[in-house]
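Visitor: Provided below: structure-v4.pdb, containing PDB, C-alpha atoms.
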ATOM      1  CA  MET A 240      11.916 -12.360  -7.107  1.00  0.00           C
ATOM      2  CA  GLU A 241      13.835  -9.151  -7.789  1.00  0.00           C
ATOM      3  CA  SER A 242      14.109  -6.958  -4.683  1.00  0.00           C
ATOM      4  CA  ALA A 243      12.333  -3.923  -6.218  1.00  0.00           C
ATOM      5  CA  LYS A 244       9.422  -6.155  -7.228  1.00  0.00           C
ATOM      6  CA  VAL A 245       9.169  -7.504  -3.683  1.00  0.00           C
ATOM      7  CA  VAL A 246       8.793  -3.961  -2.331  1.00  0.00           C
ATOM      8  CA  ALA A 247       6.327  -3.012  -5.083  1.00  0.00           C
ATOM      9  CA  GLY A 248       4.315  -6.106  -4.129  1.00  0.00           C
ATOM     10  CA  PHE A 249       4.529  -5.091  -0.476  1.00  0.00           C
ATOM     11  CA  TRP A 250       2.866  -1.724  -1.211  1.00  0.00           C
ATOM     12  CA  ASP A 251       0.298  -3.316  -3.552  1.00  0.00           C
ATOM     13  CA  ARG A 252      -0.723  -5.759  -0.820  1.00  0.00           C
ATOM     14  CA  MET A 253      -0.824  -2.995   1.786  1.00  0.00           C
ATOM     15  CA  GLN A 254      -3.215  -1.016  -0.436  1.00  0.00           C
ATOM     16  CA  ALA A 255      -5.371  -4.122  -0.960  1.00  0.00           C
ATOM     17  CA  ARG A 256      -5.355  -4.924   2.777  1.00  0.00           C
ATOM     18  CA  ASP A 257      -4.166  -8.385   1.723  1.00  0.00           C
ATOM     19  CA  TRP A 258      -2.608  -9.261   5.072  1.00  0.00           C
ATOM     20  CA  LYS A 259      -2.066 -12.938   4.222  1.00  0.00           C
ATOM     21  CA  GLY A 260      -0.371 -11.998   0.948  1.00  0.00           C
ATOM     22  CA  LEU A 261       1.699  -9.351   2.705  1.00  0.00           C
ATOM     23  CA  GLY A 262       2.927 -11.953   5.161  1.00  0.00           C
ATOM     24  CA  GLU A 263       4.272 -14.017   2.269  1.00  0.00           C
ATOM     25  CA  LEU A 264       6.687 -11.170   1.459  1.00  0.00           C
ATOM     26  CA  LEU A 265       7.955 -10.721   5.025  1.00  0.00           C
ATOM     27  CA  ALA A 266      10.530 -12.758   6.917  1.00  0.00           C
ATOM     28  CA  GLU A 267       9.163 -14.245  10.124  1.00  0.00           C
ATOM     29  CA  ASP A 268      11.873 -12.459  12.134  1.00  0.00           C
ATOM     30  CA  LEU A 269      11.337  -9.123  10.359  1.00  0.00           C
ATOM     31  CA  VAL A 270      12.431  -6.013  12.263  1.00  0.00           C
ATOM     32  CA  VAL A 271      11.062  -2.594  11.259  1.00  0.00           C
ATOM     33  CA  GLU A 272      12.165   0.610  12.960  1.00  0.00           C
ATOM     34  CA  TRP A 273      10.271   3.906  13.040  1.00  0.00           C
ATOM     35  CA  PRO A 274      12.915   6.383  14.296  1.00  0.00           C
ATOM     36  CA  VAL A 275      10.573   9.397  14.267  1.00  0.00           C
ATOM     37  CA  THR A 276       8.396   7.820  16.978  1.00  0.00           C
ATOM     38  CA  ALA A 277      11.235   5.740  18.492  1.00  0.00           C
ATOM     39  CA  GLU A 278       9.447   2.411  17.908  1.00  0.00           C
ATOM     40  CA  ARG A 279      10.672  -0.991  16.785  1.00  0.00           C
ATOM     41  CA  ILE A 280       8.369  -3.716  15.524  1.00  0.00           C
ATOM     42  CA  GLU A 281       9.811  -7.205  15.905  1.00  0.00           C
ATOM     43  CA  GLY A 282       8.307 -10.043  13.931  1.00  0.00           C
ATOM     44  CA  ARG A 283       6.069 -10.470  10.899  1.00  0.00           C
ATOM     45  CA  ALA A 284       2.907 -11.015  12.943  1.00  0.00           C
ATOM     46  CA  ASP A 285       3.243  -7.782  14.929  1.00  0.00           C
ATOM     47  CA  PHE A 286       4.065  -5.752  11.816  1.00  0.00           C
ATOM     48  CA  ILE A 287       0.967  -7.050  10.054  1.00  0.00           C
ATOM     49  CA  ARG A 288      -1.232  -6.386  13.127  1.00  0.00           C
ATOM     50  CA  VAL A 289       0.040  -2.811  13.490  1.00  0.00           C
ATOM     51  CA  ASN A 290      -0.942  -2.112   9.896  1.00  0.00           C
ATOM     52  CA  ALA A 291      -4.204  -4.071   9.934  1.00  0.00           C
ATOM     53  CA  GLU A 292      -5.361  -2.258  13.091  1.00  0.00           C
ATOM     54  CA  TYR A 293      -4.592   1.225  11.763  1.00  0.00           C
ATOM     55  CA  PRO A 294      -7.865   3.182  11.391  1.00  0.00           C
ATOM     56  CA  GLU A 295      -9.344   2.886   7.897  1.00  0.00           C
ATOM     57  CA  GLY A 296      -9.493   5.733   5.436  1.00  0.00           C
ATOM     58  CA  TRP A 297      -5.966   5.521   4.014  1.00  0.00           C
ATOM     59  CA  ALA A 298      -4.584   4.852   0.557  1.00  0.00           C
ATOM     60  CA  VAL A 299      -1.114   4.115  -0.802  1.00  0.00           C
ATOM     61  CA  HIS A 300       0.446   6.084  -3.668  1.00  0.00           C
ATOM     62  CA  VAL A 301       3.942   4.883  -4.522  1.00  0.00           C
ATOM     63  CA  GLN A 302       6.076   7.766  -5.753  1.00  0.00           C
ATOM     64  CA  ARG A 303       9.228   5.770  -6.510  1.00  0.00           C
ATOM     65  CA  ILE A 304      11.155   2.623  -5.747  1.00  0.00           C
ATOM     66  CA  VAL A 305      14.936   2.466  -6.152  1.00  0.00           C
ATOM     67  CA  ALA A 306      16.905  -0.732  -5.662  1.00  0.00           C
ATOM     68  CA  ASP A 307      20.567  -1.594  -5.348  1.00  0.00           C
ATOM     69  CA  GLY A 308      20.974  -5.286  -4.736  1.00  0.00           C
ATOM     70  CA  GLU A 309      19.200  -6.252  -1.533  1.00  0.00           C
ATOM     71  CA  THR A 310      18.687  -2.620  -0.467  1.00  0.00           C
ATOM     72  CA  VAL A 311      15.462  -0.987  -1.648  1.00  0.00           C
ATOM     73  CA  VAL A 312      14.237   2.544  -0.973  1.00  0.00           C
ATOM     74  CA  SER A 313      10.593   3.472  -1.452  1.00  0.00           C
ATOM     75  CA  GLU A 314       8.922   6.860  -1.252  1.00  0.00           C
ATOM     76  CA  VAL A 315       5.177   6.681  -0.672  1.00  0.00           C
ATOM     77  CA  GLU A 316       2.359   9.146  -0.068  1.00  0.00           C
ATOM     78  CA  VAL A 317      -0.409   7.941   2.252  1.00  0.00           C
ATOM     79  CA  PRO A 318      -3.448  10.214   2.340  1.00  0.00           C
ATOM     80  CA  HIS A 319      -5.953   9.528   5.107  1.00  0.00           C
ATOM     81  CA  ASP A 320      -9.571  10.702   5.170  1.00  0.00           C
ATOM     82  CA  THR A 321      -9.341  12.215   8.652  1.00  0.00           C
ATOM     83  CA  THR A 322      -5.683  12.625   9.606  1.00  0.00           C
ATOM     84  CA  GLY A 323      -4.360  14.227   6.407  1.00  0.00           C
ATOM     85  CA  VAL A 324      -1.508  13.353   4.092  1.00  0.00           C
ATOM     86  CA  HIS A 325       1.476  11.370   5.312  1.00  0.00           C
ATOM     87  CA  ARG A 326       4.714  10.627   3.512  1.00  0.00           C
ATOM     88  CA  VAL A 327       7.105   7.808   4.200  1.00  0.00           C
ATOM     89  CA  VAL A 328      10.587   7.015   2.982  1.00  0.00           C
ATOM     90  CA  SER A 329      11.380   3.387   3.694  1.00  0.00           C
ATOM     91  CA  LEU A 330      14.723   1.626   3.531  1.00  0.00           C
ATOM     92  CA  TRP A 331      14.174  -2.111   3.091  1.00  0.00           C
ATOM     93  CA  THR A 332      16.481  -5.110   3.106  1.00  0.00           C
ATOM     94  CA  VAL A 333      15.287  -7.920   0.837  1.00  0.00           C
ATOM     95  CA  ARG A 334      16.864 -11.378   0.972  1.00  0.00           C
ATOM     96  CA  ASP A 335      15.676 -14.493  -0.830  1.00  0.00           C
ATOM     97  CA  GLY A 336      12.461 -12.797  -1.962  1.00  0.00           C
ATOM     98  CA  ARG A 337      11.412 -11.558   1.495  1.00  0.00           C
ATOM     99  CA  ILE A 338      11.732  -8.301   3.366  1.00  0.00           C
ATOM    100  CA  THR A 339      13.944  -8.975   6.380  1.00  0.00           C
ATOM    101  CA  ALA A 340      14.369  -5.463   7.783  1.00  0.00           C
ATOM    102  CA  GLY A 341      13.135  -1.928   7.341  1.00  0.00           C
ATOM    103  CA  ARG A 342      13.564   1.579   8.630  1.00  0.00           C
ATOM    104  CA  GLU A 343      10.706   3.965   7.858  1.00  0.00           C
ATOM    105  CA  TYR A 344      10.621   7.723   8.237  1.00  0.00           C
ATOM    106  CA  TRP A 345       6.985   8.855   8.464  1.00  0.00           C
ATOM    107  CA  THR A 346       6.089  12.541   8.364  1.00  0.00           C
ATOM    108  CA  GLU A 347       3.371  14.988   7.394  1.00  0.00           C
ATOM    109  CA  PRO A 348       4.271  17.608   4.772  1.00  0.00           C
ATOM    110  CA  GLY A 349       4.806  20.998   6.379  1.00  0.00           C
ATOM    111  CA  SER A 350       4.666  19.655   9.938  1.00  0.00           C
ATOM    112  CA  ASP A 351       8.206  20.747  10.761  1.00  0.00           C
ATOM    113  CA  PRO A 352       8.404  24.542  10.423  1.00  0.00           C
ATOM    114  CA  SER A 353      11.413  25.943   8.620  1.00  0.00           C
ATOM    115  CA  PRO A 354      13.581  28.453  10.481  1.00  0.00           C
ATOM    116  CA  GLU A 355      13.389  32.095   9.471  1.00  0.00           C
ATOM    117  CA  TRP A 356      17.103  32.345   8.637  1.00  0.00           C
ATOM    118  CA  ARG A 357      16.565  30.045   5.603  1.00  0.00           C
ATOM    119  CA  ALA A 358      13.769  32.176   4.100  1.00  0.00           C
ATOM    120  CA  PRO A 359      16.022  34.045   1.613  1.00  0.00           C
ATOM    121  CA  TYR A 360      17.331  30.740   0.213  1.00  0.00           C
ATOM    122  CA  VAL A 361      14.280  28.503  -0.059  1.00  0.00           C
ATOM    123  CA  ARG A 362      10.839  28.413  -1.681  1.00  0.00           C
ATOM    124  CA  ARG A 363       7.772  26.808  -0.088  1.00  0.00           C
ATOM    125  CA  MET A 364       6.556  23.618  -1.761  1.00  0.00           C
TER
END
What is this file in structure tokens?
Guide:
Amino acid sequence: MESAKVVAGFWDRMQARDWKGLGELLAEDLVVEWPVTAERIEGRADFIRVNAEYPEGWAVHVQRIVADGETVVSEVEVPHDTTGVHRVVSLWTVRDGRITAGREYWTEPGSDPSPEWRAPYVRRM
């Protein structure tokens, strides 16, 4: 399966809460890093549990997926009923039809205030 399609399937299965199907797209020795919170998830089972245990109320809206060989970047918006809107940029490695590694940067829009010195040069989104 083409690497971009693997990542698109990953997000589709996340949205569907299809944990068994998600596992089919992940290498058993998957490693995913979340640098913003300084966490590393080692192994397919733990990655699936972390996501399955997350409090309900979220959705997945894929903004874009860009692939170059086995490297795939996805940008996704994840609104949650009680915690607000989250955005994630994920860098995935896909080999032989499975995600083997990832690094995800999760944030909330506007959560990091911009410094005053930039005000003359930028516009708020």
Visitor: Nearest residue to Pro274 in chain A out of A:Ile338, A:Met364, A:Leu330, A:Ala306, using all atoms listed in the file?
Guide: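 Ranking A:Ile338, A:Met364, A:Leu330, A:Ala306 by distance to Pro274 in chain A, first place goes to A:Leu330.
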Visitor: So that I can see what lies close to Arg279 in chain A, please list as a PyMOL selection string the residues with an atom at most 10 Å from it, counting only C-alpha atoms and leaving out residues fewer than 5 positions away in the same chain.
Guide: chain A and resi 270-274+286+341-342
Visitor: Residues around (3.8, 12.5, 7.2), cut-off 7 Å, counting only C-alpha atoms - what are they as a ChimeraX atom specification?
Guide: /A:324-327,345-348
Visitor: Evaluate the PyMOL selection byres ((chain A and resi 296) around 9) on the structure here and hand back the selected residues as JSON, numbers by chain.
Guide: {"A": [294, 295, 297, 298, 318, 319, 320, 321, 322]}
Visitor: Determine the residue set returned by the PyMOL selection byres ((chain A and resi 312) around 10) for the present structure, and present it as a PDB file with C-alpha atoms, in the coordinates of the input.
Guide:
ATOM      1  CA  ALA A 243      12.333  -3.923  -6.218  1.00  0.00           C
ATOM      2  CA  VAL A 246       8.793  -3.961  -2.331  1.00  0.00           C
ATOM      3  CA  ARG A 303       9.228   5.770  -6.510  1.00  0.00           C
ATOM      4  CA  ILE A 304      11.155   2.623  -5.747  1.00  0.00           C
ATOM      5  CA  VAL A 305      14.936   2.466  -6.152  1.00  0.00           C
ATOM      6  CA  ALA A 306      16.905  -0.732  -5.662  1.00  0.00           C
ATOM      7  CA  ASP A 307      20.567  -1.594  -5.348  1.00  0.00           C
ATOM      8  CA  THR A 310      18.687  -2.620  -0.467  1.00  0.00           C
ATOM      9  CA  VAL A 311      15.462  -0.987  -1.648  1.00  0.00           C
ATOM     10  CA  SER A 313      10.593   3.472  -1.452  1.00  0.00           C
ATOM     11  CA  GLU A 314       8.922   6.860  -1.252  1.00  0.00           C
ATOM     12  CA  VAL A 315       5.177   6.681  -0.672  1.00  0.00           C
ATOM     13  CA  VAL A 328      10.587   7.015   2.982  1.00  0.00           C
ATOM     14  CA  SER A 329      11.380   3.387   3.694  1.00  0.00           C
ATOM     15  CA  LEU A 330      14.723   1.626   3.531  1.00  0.00           C
ATOM     16  CA  TRP A 331      14.174  -2.111   3.091  1.00  0.00           C
ATOM     17  CA  THR A 332      16.481  -5.110   3.106  1.00  0.00           C
ATOM     18  CA  GLY A 341      13.135  -1.928   7.341  1.00  0.00           C
ATOM     19  CA  ARG A 342      13.564   1.579   8.630  1.00  0.00           C
ATOM     20  CA  GLU A 343      10.706   3.965   7.858  1.00  0.00           C
TER      21      GLU A 343
END
Visitor: Using all atoms listed in the file, find the one residue out of A:Asp335, A:Gly349, A:Lys259, A:Tyr344 that sits nearest to Arg363 in chain A.
Guide: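 Under the stated criterion, the closest residue is A:Gly349.
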Visitor: Which value, in Å to one decimal, gives the distance between CA of Asp285 in chain A and CA of Leu265 in chain A?
Guide: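 Those two atoms sit 11.4 Å apart.
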Visitor: Just write range 270-337 of chain A with C-alpha atoms, as a CSV table (one decimal), in the first residue's frame, taken from the block above.
Guide:
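Wrote it out as selection_30.csv, contents follow:
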chain,number,residue,atom,x,y,z
A,270,VAL,CA,7.9,4.1,18.4
A,271,VAL,CA,6.0,7.4,18.5
A,272,GLU,CA,7.4,10.5,20.1
A,273,TRP,CA,5.5,13.5,21.4
A,274,PRO,CA,8.2,16.2,21.9
A,275,VAL,CA,5.9,18.8,23.3
A,276,THR,CA,5.1,16.7,26.4
A,277,ALA,CA,8.5,14.8,26.3
A,278,GLU,CA,6.8,11.4,26.0
A,279,ARG,CA,7.7,8.3,23.9
A,280,ILE,CA,5.3,5.5,23.3
A,281,GLU,CA,7.0,2.2,22.5
A,282,GLY,CA,5.1,-0.6,20.9
A,283,ARG,CA,1.8,-0.9,18.9
A,284,ALA,CA,-0.2,-2.1,21.9
A,285,ASP,CA,0.7,0.9,24.1
A,286,PHE,CA,0.0,3.4,21.3
A,287,ILE,CA,-3.4,1.9,20.7
A,288,ARG,CA,-4.2,1.9,24.4
A,289,VAL,CA,-3.2,5.6,24.8
A,290,ASN,CA,-5.6,6.5,22.0
A,291,ALA,CA,-8.4,4.2,23.0
A,292,GLU,CA,-8.3,5.5,26.6
A,293,TYR,CA,-8.4,9.2,25.7
A,294,PRO,CA,-11.7,10.7,26.9
A,295,GLU,CA,-14.4,10.6,24.3
A,296,GLY,CA,-15.7,13.7,22.5
A,297,TRP,CA,-13.1,14.1,19.8
A,298,ALA,CA,-13.2,14.0,16.1
A,299,VAL,CA,-10.5,13.9,13.4
A,300,HIS,CA,-10.4,16.3,10.5
A,301,VAL,CA,-7.4,15.7,8.1
A,302,GLN,CA,-6.2,18.9,6.6
A,303,ARG,CA,-3.5,17.5,4.4
A,304,ILE,CA,-1.2,14.5,3.8
A,305,VAL,CA,2.1,14.9,2.0
A,306,ALA,CA,4.3,11.9,1.2
A,307,ASP,CA,7.8,11.5,-0.1
A,308,GLY,CA,8.7,7.9,-0.3
A,309,GLU,CA,8.5,6.3,3.2
A,310,THR,CA,8.2,9.7,4.9
A,311,VAL,CA,4.6,11.0,5.3
A,312,VAL,CA,3.5,14.3,7.0
A,313,SER,CA,0.0,14.8,8.1
A,314,GLU,CA,-1.7,17.9,9.5
A,315,VAL,CA,-4.9,17.2,11.4
A,316,GLU,CA,-7.4,19.2,13.4
A,317,VAL,CA,-8.9,17.4,16.4
A,318,PRO,CA,-11.8,19.2,18.1
A,319,HIS,CA,-12.9,17.9,21.4
A,320,ASP,CA,-16.3,18.6,23.1
A,321,THR,CA,-14.7,19.7,26.4
A,322,THR,CA,-11.1,20.5,25.9
A,323,GLY,CA,-11.3,22.6,22.7
A,324,VAL,CA,-9.5,22.4,19.4
A,325,HIS,CA,-6.2,20.7,19.0
A,326,ARG,CA,-3.9,20.5,16.0
A,327,VAL,CA,-1.2,18.0,15.3
A,328,VAL,CA,1.5,17.8,12.7
A,329,SER,CA,2.8,14.2,12.4
A,330,LEU,CA,5.9,12.9,10.7
A,331,TRP,CA,5.5,9.2,10.0
A,332,THR,CA,7.8,6.6,8.6
A,333,VAL,CA,6.0,3.9,6.6
A,334,ARG,CA,7.7,0.7,5.6
A,335,ASP,CA,6.1,-2.3,3.9
A,336,GLY,CA,2.6,-0.9,4.4
A,337,ARG,CA,3.0,-0.2,8.1
